[in-house]
file my_file-v5.cif (mmCIF, C-alpha atoms and all ligand atoms)
data_start
#
loop_
_atom_site.label_atom_id
_atom_site.label_comp_id
_atom_site.auth_asym_id
_atom_site.auth_seq_id
_atom_site.Cartn_x
_atom_site.Cartn_y
_atom_site.Cartn_z
CA MET A 1 71.17 118.79 108.44
CA GLU A 2 69.83 117.43 105.11
CA LEU A 3 69.59 113.86 106.42
CA GLU A 4 66.93 113.55 109.09
CA ARG A 5 68.13 112.98 112.67
CA GLU A 6 66.35 109.61 112.92
CA GLU A 7 67.83 108.51 109.59
CA VAL A 8 71.31 109.35 110.82
CA LEU A 9 70.88 107.62 114.18
CA SER A 10 69.44 104.55 112.51
CA ALA A 11 72.46 104.30 110.20
CA ILE A 12 74.85 104.81 113.10
CA HIS A 13 73.15 102.09 115.18
CA HIS A 14 73.46 99.67 112.25
CA CYS A 15 77.26 99.97 112.37
CA VAL A 16 78.44 96.97 114.41
CA LYS A 17 81.90 98.51 114.89
CA CYS A 18 83.61 95.56 113.20
CA LYS A 19 86.13 97.93 111.54
CA LEU A 20 86.35 95.75 108.46
CA CYS A 21 85.83 98.95 106.45
CA SER A 22 89.41 99.92 107.30
CA ILE A 23 91.05 97.14 105.23
CA THR A 24 90.75 95.86 101.68
CA SER A 25 89.38 92.40 100.88
CA PHE A 26 91.92 89.71 101.75
CA HIS A 27 91.43 87.83 98.49
CA PRO A 28 92.82 87.86 95.85
CA ARG A 29 95.92 89.64 97.20
CA GLU A 30 96.36 87.37 100.22
CA GLU A 31 97.29 90.28 102.42
CA TRP A 32 95.37 92.87 104.40
CA LEU A 33 95.94 96.34 103.04
CA PRO A 34 94.80 99.54 104.71
CA LEU A 35 91.86 101.37 103.19
CA CYS A 36 91.12 104.25 105.56
CA PRO A 37 93.85 106.91 105.28
CA SER A 38 92.60 108.83 108.31
CA GLY A 39 92.66 105.85 110.68
CA GLN A 40 95.92 104.53 109.26
CA PHE A 41 97.75 107.84 109.69
CA TYR A 42 96.44 108.87 113.11
CA GLY A 43 96.00 105.41 114.59
CA TYR A 44 93.23 106.20 117.09
CA GLN A 45 89.80 104.56 116.87
CA ALA A 46 88.10 107.96 116.59
CA PHE A 47 89.69 108.47 113.16
CA TYR A 48 88.16 105.32 111.63
CA ALA A 49 84.60 105.30 110.29
CA PRO A 50 82.99 103.56 113.31
CA GLY A 51 84.75 105.97 115.66
CA LYS A 52 83.46 108.97 113.76
CA MET A 53 79.95 107.52 113.82
CA GLU A 54 80.17 107.10 117.58
CA ILE A 55 81.26 110.74 117.92
CA PHE A 56 78.28 111.82 115.80
CA ARG A 57 75.89 109.73 117.91
CA ALA A 58 77.24 111.21 121.12
CA ILE A 59 76.82 114.74 119.75
CA LEU A 60 73.26 114.09 118.55
CA GLU A 61 72.28 112.47 121.84
CA GLY A 62 73.73 115.34 123.84
CA GLU A 63 76.62 113.43 125.47
CA ILE A 64 79.19 115.76 123.93
CA THR A 65 78.42 119.42 124.43
CA GLU A 66 81.83 121.04 123.86
CA PRO A 67 84.25 120.42 120.99
CA SER A 68 87.76 119.42 122.08
CA GLU A 69 90.68 119.87 119.69
CA GLY A 70 90.92 116.07 119.39
CA LEU A 71 87.25 115.80 118.42
CA LEU A 72 87.59 118.44 115.71
CA ASN A 73 90.67 116.69 114.34
CA ALA A 74 88.89 113.31 114.21
CA VAL A 75 85.94 114.87 112.39
CA TYR A 76 87.85 117.02 109.91
CA ALA A 77 90.97 114.89 109.28
CA CYS A 78 88.92 112.61 107.04
CA THR A 79 89.13 112.91 103.28
CA VAL A 80 85.48 111.81 102.93
CA CYS A 81 86.91 109.35 100.44
CA GLY A 82 84.04 106.88 100.82
CA ALA A 83 86.28 103.80 100.98
CA CYS A 84 84.67 102.79 104.29
CA TYR A 85 81.20 103.15 102.81
CA GLU A 86 81.97 100.97 99.77
CA LYS A 87 83.69 98.30 101.86
CA CYS A 88 80.92 98.18 104.45
CA LYS A 89 78.33 97.85 101.68
CA GLN A 90 80.23 94.89 100.20
CA ILE A 91 80.46 93.10 103.55
CA THR A 92 77.09 93.86 105.11
CA SER A 93 74.88 94.67 102.09
CA VAL A 94 73.67 97.59 104.21
CA GLU A 95 74.17 101.11 102.91
CA LEU A 96 75.16 103.20 105.92
CA GLY A 97 76.16 106.10 103.63
CA ALA A 98 79.31 107.03 105.55
CA PRO A 99 80.51 110.03 103.49
CA ASP A 100 77.03 111.59 103.55
CA LEU A 101 76.87 110.95 107.29
CA PHE A 102 80.24 112.59 107.80
CA GLU A 103 79.20 115.58 105.73
CA ALA A 104 75.98 115.80 107.76
CA MET A 105 78.10 115.63 110.93
CA ARG A 106 80.26 118.52 109.70
CA HIS A 107 77.14 120.50 108.82
CA GLU A 108 75.79 119.90 112.32
CA LEU A 109 79.11 120.90 113.89
CA ALA A 110 79.56 123.96 111.66
CA SER A 111 76.07 125.17 112.58
CA LYS A 112 77.23 125.16 116.24
CA GLY A 113 80.40 127.06 115.23
CA TRP A 114 82.54 123.93 115.77
CA ILE A 115 84.71 124.39 112.72
CA LEU A 116 88.41 124.76 111.92
CA ASP A 117 89.71 128.30 111.38
CA VAL A 118 91.38 127.26 108.14
CA HIS A 119 88.02 126.14 106.70
CA LYS A 120 86.34 129.32 107.89
CA ASN A 121 89.08 131.27 106.11
CA ILE A 122 88.36 129.45 102.85
CA ALA A 123 84.72 130.55 103.10
CA GLU A 124 85.89 134.14 103.62
CA LYS A 125 88.23 133.95 100.62
CA ILE A 126 85.42 132.62 98.47
CA LYS A 127 83.12 135.39 99.59
CA GLU A 128 85.71 137.97 98.62
CA THR A 129 87.13 136.52 95.39
CA ARG A 130 84.64 133.81 94.33
CA ASN A 131 87.45 131.24 94.22
CA ALA A 132 88.65 128.84 96.91
CA TYR A 133 92.24 130.10 96.86
CA GLY A 134 91.49 133.80 97.31
CA GLU A 135 93.31 134.62 94.06
CA LYS A 136 92.70 138.08 92.66
CA TYR A 137 93.74 137.40 89.05
CA GLU A 138 91.77 135.49 86.41
CA TYR A 139 92.92 132.34 84.64
CA LYS A 140 93.04 133.36 80.96
CA ALA A 141 90.57 131.38 78.90
CA LYS A 142 88.24 132.52 76.14
CA SER A 143 85.26 130.82 74.53
CA SER A 144 86.06 129.69 70.99
CA ASP A 145 82.36 130.17 70.15
CA GLU A 146 79.96 132.03 72.46
CA ASN A 147 77.06 129.91 71.23
CA ALA A 148 78.79 126.55 71.48
CA ASP A 149 76.82 123.61 72.86
CA VAL A 150 79.80 122.55 74.98
CA LEU A 151 80.78 124.51 78.07
CA TYR A 152 83.99 123.73 79.96
CA TYR A 153 83.61 124.36 83.72
CA ILE A 154 87.25 124.76 84.75
CA GLY A 155 87.06 124.82 88.55
CA CYS A 156 89.23 126.66 91.09
CA THR A 157 92.04 124.09 91.36
CA ALA A 158 92.69 123.85 87.62
CA ARG A 159 92.42 127.62 87.27
CA TYR A 160 94.78 128.54 90.11
CA ARG A 161 96.91 125.59 91.17
CA VAL A 162 97.29 123.16 88.25
CA PRO A 163 96.56 125.27 85.14
CA GLU A 164 98.35 122.71 82.98
CA ILE A 165 95.16 120.62 83.20
CA ALA A 166 92.91 123.45 81.99
CA ASP A 167 95.47 124.36 79.30
CA ALA A 168 95.53 120.74 78.08
CA MET A 169 91.74 120.45 77.96
CA LEU A 170 91.39 123.69 75.99
CA GLU A 171 94.13 122.60 73.56
CA ILE A 172 92.40 119.26 73.06
CA PHE A 173 89.13 121.02 72.16
CA ASP A 174 91.00 123.11 69.60
CA LYS A 175 92.95 120.18 68.17
CA ILE A 176 89.92 117.94 67.69
CA GLY A 177 87.74 120.79 66.41
CA ILE A 178 85.25 121.11 69.29
CA LYS A 179 83.77 124.57 69.75
CA TYR A 180 83.44 125.48 73.42
CA GLN A 181 82.40 128.15 75.85
CA VAL A 182 83.99 129.04 79.16
CA MET A 183 82.04 131.13 81.67
CA ASP A 184 82.75 134.88 81.77
CA GLU A 185 82.27 134.73 85.51
CA GLU A 186 82.92 131.22 86.74
CA TRP A 187 82.47 131.10 90.52
CA CYS A 188 83.68 128.30 92.81
CA CYS A 189 81.22 125.39 92.56
CA GLY A 190 80.88 125.31 96.36
CA SER A 191 82.32 121.82 96.84
CA VAL A 192 84.82 122.74 99.55
CA LEU A 193 82.11 124.57 101.51
CA ILE A 194 79.67 121.68 101.31
CA ARG A 195 82.33 119.07 102.21
CA THR A 196 83.38 121.10 105.26
CA GLY A 197 79.84 121.60 106.53
CA GLN A 198 79.39 125.24 105.40
CA VAL A 199 76.37 124.41 103.29
CA GLU A 200 74.57 127.76 103.60
CA ALA A 201 77.61 129.65 102.29
CA ALA A 202 77.51 127.59 99.07
CA LYS A 203 73.98 128.64 98.13
CA GLU A 204 74.94 131.97 96.55
CA LEU A 205 77.60 130.25 94.42
CA VAL A 206 75.17 127.62 93.20
CA ALA A 207 72.57 130.26 92.28
CA HIS A 208 75.12 132.32 90.33
CA ASN A 209 76.57 129.39 88.39
CA VAL A 210 73.11 128.03 87.55
CA GLU A 211 72.07 131.43 86.22
CA GLU A 212 75.23 131.80 84.10
CA ILE A 213 74.91 128.30 82.70
CA LYS A 214 71.26 128.76 81.80
CA ARG A 215 72.15 132.01 80.06
CA SER A 216 74.95 130.30 78.10
CA GLY A 217 72.47 127.98 76.37
CA ALA A 218 75.06 125.16 76.57
CA LYS A 219 73.77 121.61 76.32
CA THR A 220 76.79 119.77 77.73
CA ILE A 221 79.13 120.78 80.55
CA VAL A 222 82.56 119.16 80.58
CA PHE A 223 84.49 118.89 83.85
CA THR A 224 88.13 118.00 84.42
CA CYS A 225 87.44 118.18 88.18
CA PRO A 226 85.46 115.28 89.67
CA GLY A 227 84.79 117.35 92.80
CA CYS A 228 83.00 120.01 90.73
CA LEU A 229 81.19 117.31 88.72
CA LYS A 230 79.98 115.58 91.89
CA THR A 231 78.79 118.89 93.30
CA PHE A 232 76.88 119.72 90.12
CA GLU A 233 75.39 116.20 90.08
CA LYS A 234 74.41 116.02 93.73
CA ASN A 235 74.07 119.55 95.08
CA TYR A 236 72.85 121.62 92.10
CA PRO A 237 69.27 121.71 90.80
CA ASP A 238 68.64 119.90 87.54
CA MET A 239 69.45 122.42 84.80
CA GLY A 240 68.44 120.14 81.94
CA VAL A 241 72.04 120.00 80.70
CA GLU A 242 74.29 116.99 80.37
CA LEU A 243 77.17 116.80 82.88
CA VAL A 244 80.21 114.79 81.77
CA HIS A 245 83.73 114.15 82.95
CA SER A 246 86.56 114.92 80.53
CA THR A 247 87.31 111.21 80.07
CA GLN A 248 83.68 110.42 79.20
CA PHE A 249 83.69 113.27 76.72
CA LEU A 250 86.97 112.17 75.14
CA LEU A 251 85.92 108.55 74.89
CA ARG A 252 82.85 109.43 72.88
CA GLN A 253 84.97 111.32 70.31
CA GLY A 254 85.99 107.92 68.93
CA ASN A 255 89.31 107.62 67.12
CA MET A 256 91.34 110.74 67.89
CA ASN A 257 94.54 109.57 66.13
CA LEU A 258 96.45 109.37 69.37
CA LYS A 259 100.11 108.46 69.14
CA LYS A 260 100.66 106.07 72.04
CA GLU A 261 103.70 106.76 74.21
CA ASP A 262 106.21 104.23 75.47
CA LEU A 263 105.11 104.83 79.06
CA LYS A 264 104.11 102.47 81.87
CA ALA A 265 101.37 104.22 83.80
CA ALA A 266 99.19 103.31 86.78
CA TYR A 267 95.75 104.87 86.99
CA HIS A 268 94.72 106.43 90.29
CA ASP A 269 90.93 106.52 90.80
CA PRO A 270 89.88 109.92 92.18
CA CYS A 271 87.38 109.24 95.00
CA HIS A 272 84.75 111.67 93.69
CA LEU A 273 84.97 110.17 90.20
CA GLY A 274 85.11 106.50 91.13
CA ARG A 275 83.32 105.73 94.37
CA ASP A 276 81.04 108.79 94.24
CA LEU A 277 80.03 108.74 90.57
CA GLY A 278 80.86 105.18 89.52
CA ILE A 279 83.16 106.33 86.69
CA TYR A 280 85.89 103.70 86.64
CA GLU A 281 86.16 102.42 83.07
CA GLU A 282 86.20 105.57 80.92
CA PRO A 283 89.46 106.99 82.34
CA ARG A 284 91.11 103.58 81.95
CA ALA A 285 89.87 103.29 78.36
CA VAL A 286 91.29 106.72 77.50
CA LEU A 287 94.57 106.08 79.32
CA SER A 288 95.06 102.75 77.54
CA GLU A 289 95.13 104.71 74.24
CA VAL A 290 98.15 106.73 75.32
CA ALA A 291 100.13 104.50 77.74
CA ASP A 292 100.55 100.92 78.95
CA ILE A 293 98.52 100.48 82.11
CA LYS A 294 100.06 98.89 85.17
CA VAL A 295 97.55 97.68 87.76
CA MET A 296 98.01 98.63 91.40
CA LYS A 297 96.90 96.48 94.34
CA ARG A 298 94.15 98.85 95.50
CA GLU A 299 91.93 100.01 92.67
CA LYS A 300 88.38 101.05 91.81
CA GLU A 301 86.01 100.63 94.82
CA GLN A 302 89.00 99.75 97.00
CA ALA A 303 91.34 102.45 95.75
CA TRP A 304 93.57 104.22 98.24
CA CYS A 305 92.69 107.93 98.44
CA CYS A 306 95.34 110.50 97.38
CA GLY A 307 94.71 112.28 100.68
CA SER A 308 93.64 115.75 99.62
CA GLY A 309 89.82 115.78 99.66
CA GLY A 310 87.26 116.87 102.23
CA GLY A 311 89.25 119.95 103.30
CA VAL A 312 92.23 117.81 104.41
CA LYS A 313 94.82 119.41 102.10
CA SER A 314 94.22 122.85 103.57
CA ALA A 315 94.03 121.76 107.21
CA PHE A 316 96.26 118.68 107.55
CA ASP A 317 98.90 118.89 104.82
CA ASP A 318 101.27 116.42 106.50
CA PHE A 319 98.52 113.79 106.47
CA ALA A 320 97.59 114.64 102.86
CA LEU A 321 101.19 114.25 101.66
CA TRP A 322 101.68 111.01 103.59
CA SER A 323 98.60 109.52 101.93
CA ALA A 324 99.84 110.61 98.49
CA THR A 325 103.29 109.14 99.17
CA GLU A 326 101.70 105.79 100.03
CA ARG A 327 99.93 105.87 96.65
CA LEU A 328 103.11 106.76 94.75
CA LYS A 329 104.94 103.86 96.40
CA GLU A 330 102.11 101.52 95.36
CA ALA A 331 102.35 102.74 91.75
CA LYS A 332 106.11 102.17 91.70
CA GLU A 333 105.65 98.73 93.19
CA ALA A 334 103.28 97.97 90.28
CA GLY A 335 106.09 98.85 87.86
CA ALA A 336 104.71 102.21 86.78
CA GLU A 337 106.89 105.11 85.62
CA ALA A 338 103.97 107.50 85.96
CA LEU A 339 100.90 107.81 88.15
CA VAL A 340 98.00 109.24 86.17
CA SER A 341 94.80 110.60 87.66
CA ALA A 342 91.80 112.44 86.29
CA CYS A 343 91.42 115.15 88.91
CA PRO A 344 93.30 118.40 89.56
CA PHE A 345 93.12 117.88 93.31
CA CYS A 346 94.80 114.46 93.04
CA LYS A 347 97.39 115.77 90.59
CA ARG A 348 98.35 118.65 92.86
CA ASN A 349 98.79 116.54 95.98
CA LEU A 350 100.44 113.58 94.26
CA LYS A 351 102.82 115.89 92.37
CA GLU A 352 103.85 117.63 95.56
CA ALA A 353 104.53 114.29 97.25
CA ALA A 354 106.37 113.05 94.12
CA GLU A 355 109.14 115.58 94.66
CA LYS A 356 110.70 112.99 96.96
CA GLU A 357 109.75 109.93 94.84
CA GLU A 358 111.07 109.02 91.41
CA ILE A 359 107.83 108.91 89.49
CA GLU A 360 105.98 111.23 87.13
CA VAL A 361 102.45 112.48 87.88
CA TYR A 362 99.94 113.50 85.22
CA ASP A 363 96.29 114.09 84.59
CA VAL A 364 94.97 111.93 81.79
CA VAL A 365 94.10 114.99 79.66
CA GLU A 366 97.73 116.10 79.71
CA LEU A 367 98.82 112.79 78.18
CA VAL A 368 96.00 112.87 75.63
CA ASN A 369 96.99 116.38 74.60
CA ARG A 370 100.61 115.29 74.25
CA CYS A 371 99.61 112.31 72.11
CA LEU A 372 97.25 114.14 69.78
CA GLU A 373 98.78 114.24 66.33
CA ARG A 374 97.38 117.48 64.95
S1 LIG B 1 80.90 100.99 108.94
FE1 LIG B 1 80.36 98.86 108.37
S2 LIG B 1 82.33 97.78 108.08
FE2 LIG B 1 82.73 99.72 109.21
S3 LIG B 1 82.68 99.14 111.39
FE3 LIG B 1 80.60 99.80 110.84
S4 LIG B 1 79.54 97.91 110.23
FE4 LIG B 1 81.73 97.44 110.23
S1 LIG B 2 85.75 108.48 104.38
FE1 LIG B 2 87.83 107.65 103.97
S2 LIG B 2 89.20 108.71 105.43
FE2 LIG B 2 87.06 109.04 106.13
S3 LIG B 2 86.69 107.37 107.62
FE3 LIG B 2 85.98 106.62 105.61
S4 LIG B 2 87.76 105.51 104.72
FE4 LIG B 2 88.51 106.79 106.43
#
call {"tool": "encode", "arguments": {"input": "my_file-v5.cif", "output": "structure tokens"}}
result
Amino acid sequence: MELEREEVLSAIHHCVKCKLCSITSFHPREEWLPLCPSGQFYGYQAFYAPGKMEIFRAILEGEITEPSEGLLNAVYACTVCGACYEKCKQITSVELGAPDLFEAMRHELASKGWILDVHKNIAEKIKETRNAYGEKYEYKAKSSDENADVLYYIGCTARYRVPEIADAMLEIFDKIGIKYQVMDEEWCCGSVLIRTGQVEAAKELVAHNVEEIKRSGAKTIVFTCPGCLKTFEKNYPDMGVELVHSTQFLLRQGNMNLKKEDLKAAYHDPCHLGRDLGIYEEPRAVLSEVADIKVMKREKEQAWCCGSGGGVKSAFDDFALWSATERLKEAKEAGAEALVSACPFCKRNLKEAAEKEEIEVYDVVELVNRCLER
């Protein structure tokens, strides 16, 4: 475990089990709104942050020696969204570091072999195909200039599940005249392995990608996937290159002659982009250039998670889709015709849930591409 045992136990003992991390601030909405998707969906104490901490303590102190099915579900049916961490920090001014603790817990469990088969299968697929979906074909993308300073790291989800996001980003580069590279052999960044506790299995992927990126000579890496960006920021060695999210990159292009659409759109904060990396304003600034923004009740630090992160989409799809449906309802309630995110993982899950809801779902780069007058 990367966090030391004493560090973990100290954090766990500082949790007073008040459970205030499971609801948003009362003011200014004058209603309590749920914040923890896992606890809200499953209902049992073990699924809320303090319950998970208690499970981790009992494992570390040797009170739990065998994993029951219920224990594995409580540990892995958590999107590691970080809402509990942010809320606890606001209330207590103490940083218990919940998502890191939960990842450390998964690492500890995985090292004992206490892991879900579906997550083990993902590791096997990655070993075989170097992508998280086990796909044998390649997403077709070519560098526009093999010596370009900008490299677009596409990521498994945009390559194999929501290629419209990668297509849009590449078209934007072409339309605004940015030369770019894509990697000849882009391997999974390792995020899903690290989030599900399989940290050792990610090491080979990290080493390969670092080598390829160094060889590319790129100075800036652009990501449309916040999960990949977070992994590069927090789990990769410093490569001396700049790491930016697509919305940060687009914002710094200045006036792109965007033709604003007549569209009311709510912005959904991806957890890895917002709470994990503190990028809240840039996506909103870009979105405001192409649509009219409608504000939802739970936003920024207190945003409701789309439900797909932390290995939840692959293992607990009913829970993932329920969480997404809650978000779509919130967007409609805010008067939005579209829910726009900045993450392929969010887009995929929200879009799937939107089949039953009357609302459009986009990634912000898709709208920008549509509104570019070139
Ligand atoms: S994590 Fe923080 S807010 Fe949540 S129960 Fe513990 S002390 Fe309370
Ligand atoms: S990380 Fe998110 S889903 Fe997990 S316990 Fe915290 S608020 Fe709940």
call {"tool": "atom_distance", "arguments": {"input": "my_file-v5.cif", "atom1": "atom CA of Arg29 of chain A", "atom2": "atom CA of Ala77 of chain A"}}
result
28.4 Å
call {"tool": "residues_around", "arguments": {"input": "my_file-v5.cif", "residues": "segment 3-17 of chain A", "least_positions_apart": "3", "cutoff": "9 Å", "atoms": "all atoms listed in the file", "output": "CSV table (one decimal) with C-alpha atoms, in the frame of the given file"}}
result
chain,number,residue,atom,x,y,z
A,20,LEU,CA,86.4,95.8,108.5
A,49,ALA,CA,84.6,105.3,110.3
A,50,PRO,CA,83.0,103.6,113.3
A,51,GLY,CA,84.8,106.0,115.7
A,53,MET,CA,80.0,107.5,113.8
A,54,GLU,CA,80.2,107.1,117.6
A,56,PHE,CA,78.3,111.8,115.8
A,57,ARG,CA,75.9,109.7,117.9
A,60,LEU,CA,73.3,114.1,118.6
A,88,CYS,CA,80.9,98.2,104.4
A,94,VAL,CA,73.7,97.6,104.2
A,95,GLU,CA,74.2,101.1,102.9
A,96,LEU,CA,75.2,103.2,105.9
A,97,GLY,CA,76.2,106.1,103.6
A,98,ALA,CA,79.3,107.0,105.6
A,100,ASP,CA,77.0,111.6,103.6
A,101,LEU,CA,76.9,111.0,107.3
A,104,ALA,CA,76.0,115.8,107.8
call {"tool": "closest_residue", "arguments": {"input": "my_file-v5.cif", "among": "A:Ala320, A:Ile91, A:Leu273, A:Ala202", "to": "Ser246 of chain A", "atoms": "all atoms listed in the file"}}
result
A:Leu273
call {"tool": "atom_distance", "arguments": {"input": "my_file-v5.cif", "atom1": "atom CA of Ser323 of chain A", "atom2": "atom CA of Cys306 of chain A"}}
result
5.7 Å
call {"tool": "atom_distance", "arguments": {"input": "my_file-v5.cif", "atom1": "atom CA of Tyr48 of chain A", "atom2": "atom CA of Lys19 of chain A"}}
result
7.7 Å
call {"tool": "residues_near_ligand", "arguments": {"input": "my_file-v5.cif", "ligand": "ligand LIG 2 (chain B)", "cutoff": "10 Å", "atoms": "all atoms listed in the file", "output": "PyMOL selection string"}}
result
chain A and resi 21-23+34-41+46-53+74-88+97-103+271+302+304-305+307+309-310+312
call {"tool": "residues_near_point", "arguments": {"input": "my_file-v5.cif", "point": "(104.7, 108.0, 88.3)", "cutoff": "7 Å", "atoms": "only C-alpha atoms", "output": "PyMOL selection string"}}
result
chain A and resi 265+328+331-332+336-339+359-361
call {"tool": "write_last_selection", "arguments": {"input": "my_file-v5.cif", "atoms": "C-alpha atoms", "output": "PDB file, keeping the file's coordinate frame"}}
result
ATOM      1  CA  ALA A 265     101.370 104.220  83.800  1.00  0.00           C
ATOM      2  CA  LEU A 328     103.110 106.760  94.750  1.00  0.00           C
ATOM      3  CA  ALA A 331     102.350 102.740  91.750  1.00  0.00           C
ATOM      4  CA  LYS A 332     106.110 102.170  91.700  1.00  0.00           C
ATOM      5  CA  ALA A 336     104.710 102.210  86.780  1.00  0.00           C
ATOM      6  CA  GLU A 337     106.890 105.110  85.620  1.00  0.00           C
ATOM      7  CA  ALA A 338     103.970 107.500  85.960  1.00  0.00           C
ATOM      8  CA  LEU A 339     100.900 107.810  88.150  1.00  0.00           C
ATOM      9  CA  ILE A 359     107.830 108.910  89.490  1.00  0.00           C
ATOM     10  CA  GLU A 360     105.980 111.230  87.130  1.00  0.00           C
ATOM     11  CA  VAL A 361     102.450 112.480  87.880  1.00  0.00           C
TER      12      VAL A 361
END
call {"tool": "closest_residue", "arguments": {"input": "my_file-v5.cif", "among": "A:Thr231, A:Ser144, A:Thr65, A:Asn369", "to": "Val199 of chain A", "atoms": "all atoms listed in the file"}}
result
A:Thr231
call {"tool": "closest_residue", "arguments": {"input": "my_file-v5.cif", "among": "A:His208, A:Lys259, A:Lys136, A:Lys230", "to": "Arg195 of chain A", "atoms": "all atoms listed in the file"}}
result
A:Lys230
call {"tool": "axis_aligned_box", "arguments": {"input": "my_file-v5.cif", "around": "segment 370-374 of chain A", "padding_each_side": "6 Å", "output": "JSON"}}
result
{"center_x": 98.9, "center_y": 114.9, "center_z": 69.6, "size_x": 15.4, "size_y": 17.2, "size_z": 21.3}
call {"tool": "closest_atom_pairs", "arguments": {"input": "my_file-v5.cif", "of": "segment 182-294 of chain A", "to": "segment 111-127 of chain A", "cutoff": "12 Å", "atoms": "all atoms listed in the file", "output": "JSON lines"}}
result
{"residue": "A:Trp187", "atom": "CA", "partner": "A:Ile126", "partner_atom": "CA", "distance": 8.6}
{"residue": "A:Cys188", "atom": "CA", "partner": "A:Ile126", "partner_atom": "CA", "distance": 7.3}
{"residue": "A:Cys189", "atom": "CA", "partner": "A:Ile126", "partner_atom": "CA", "distance": 10.2}
{"residue": "A:Gly190", "atom": "CA", "partner": "A:Ile126", "partner_atom": "CA", "distance": 8.9}
{"residue": "A:Ser191", "atom": "CA", "partner": "A:Ala123", "partner_atom": "CA", "distance": 11.0}
{"residue": "A:Val192", "atom": "CA", "partner": "A:Ile122", "partner_atom": "CA", "distance": 8.3}
{"residue": "A:Leu193", "atom": "CA", "partner": "A:Ala123", "partner_atom": "CA", "distance": 6.7}
{"residue": "A:Ile194", "atom": "CA", "partner": "A:Ala123", "partner_atom": "CA", "distance": 10.4}
{"residue": "A:Arg195", "atom": "CA", "partner": "A:His119", "partner_atom": "CA", "distance": 10.1}
{"residue": "A:Thr196", "atom": "CA", "partner": "A:His119", "partner_atom": "CA", "distance": 7.0}
{"residue": "A:Gly197", "atom": "CA", "partner": "A:Ser111", "partner_atom": "CA", "distance": 8.0}
{"residue": "A:Gln198", "atom": "CA", "partner": "A:Ala123", "partner_atom": "CA", "distance": 7.9}
{"residue": "A:Val199", "atom": "CA", "partner": "A:Ser111", "partner_atom": "CA", "distance": 9.3}
{"residue": "A:Glu200", "atom": "CA", "partner": "A:Ser111", "partner_atom": "CA", "distance": 9.5}
{"residue": "A:Ala201", "atom": "CA", "partner": "A:Ala123", "partner_atom": "CA", "distance": 7.2}
{"residue": "A:Ala202", "atom": "CA", "partner": "A:Ala123", "partner_atom": "CA", "distance": 8.8}
{"residue": "A:Lys203", "atom": "CA", "partner": "A:Lys127", "partner_atom": "CA", "distance": 11.5}
{"residue": "A:Glu204", "atom": "CA", "partner": "A:Lys127", "partner_atom": "CA", "distance": 9.4}
{"residue": "A:Leu205", "atom": "CA", "partner": "A:Ile126", "partner_atom": "CA", "distance": 9.1}
call {"tool": "residues_near_point", "arguments": {"input": "my_file-v5.cif", "point": "(95.2, 113.2, 78.5)", "cutoff": "10 Å", "atoms": "only C-alpha atoms", "output": "list in words"}}
result
Ile165, Ala168, Met169, Ile172, Ser246, Thr247, Leu250, Leu258, Pro283, Val286, Leu287, Glu289, Val290, Val340, Ser341, Ala342, Tyr362, Asp363, Val364, Val365, Glu366, Leu367, Val368, Asn369, Arg370, Cys371 and Leu372 of chain A
call {"tool": "closest_residue", "arguments": {"input": "my_file-v5.cif", "among": "A:Gly274, A:Lys297, A:Glu352, A:Arg106", "to": "His27 of chain A", "atoms": "all atoms listed in the file"}}
result
A:Lys297
call {"tool": "closest_residue", "arguments": {"input": "my_file-v5.cif", "among": "A:Met183, A:Ala354, A:Met256, A:Ala110", "to": "Tyr139 of chain A", "atoms": "only C-alpha atoms"}}
result
A:Met183
call {"tool": "closest_residue", "arguments": {"input": "my_file-v5.cif", "among": "A:Phe223, A:Ala218, A:Gln253, A:Asn131", "to": "Ile178 of chain A", "atoms": "only C-alpha atoms"}}
result
A:Gln253
call {"tool": "residues_around", "arguments": {"input": "my_file-v5.cif", "residues": "Thr157 of chain A", "least_positions_apart": "4", "cutoff": "7 Å", "atoms": "only C-alpha atoms", "output": "number ranges by chain"}}
result
A: 161-162, 344-345
